[in-house]
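Engineer: Below you'll find the structure I mean.
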Amino acid sequence: MSTIKKKKKIKYKKFEFKLSVNQKTLIDKFCKAKKVSSNKMIKSAIKDYIRKFADSLPEDEYIGENQLRLFDVEEDSENYEISGKED
């Protein structure tokens, strides 16, 4: 018997913003000319913009000096001996 793999469920988040009347009419004209929906056009524009500026995003989040690093596994394994090793 073959096993059927379930597709991974994609999570979506709702995002709202306002456009001026002129912006909306331009989007409608563009979508009508290119024969795409306004939703697909906006999503592709956002995707292109994110790709363009992906390199300029900061790599790591800044952690202040006063913050505890309780969940840093690498640091914990280096600083503490594993219980169970006895000489």
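Starting from 1 in every chain, residues are counted up; chains themselves are A, B, ... following the order of the structure tokens, and ligands are numbered from 1 as listed.
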Residues of region 13-67 of chain A in helix (DSSP H, G or I) according to DSSP, as a count of residues only?
Structural biologist: 32
Engineer: Please identify all polymer residues within 12 Å of Ser38 (chain A), counting only C-alpha atoms, omitting same-chain residues fewer than 5 positions from it, and present them as a list in words.
Structural biologist: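 Final neighbour list, sorted by chain and number: Gln23, Lys24, Thr25, Leu26, Ile27, Asp28, Lys29, Phe30, Cys31, Lys32, Ala33, Lys43, Ser44 and Ala45 of chain A.
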Engineer: From the set A:Asn66, A:Asp55, A:Asn22, A:Phe17, which residue has the shortest atom-to-atom contact distance to Ile42 (chain A), counting only C-alpha atoms?
Structural biologist: A:Phe17
Engineer: For CA of Lys14 (chain A) and CA of Asn39 (chain A), determine how far apart the two atoms are, in Å to one decimal place.
Structural biologist: 12.5 Å
Engineer: Which value, in Å to one decimal, gives the distance between CA of Leu57 (chain A) and CA of Ile10 (chain A)?
Structural biologist: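 It comes out at 24.3 Å.
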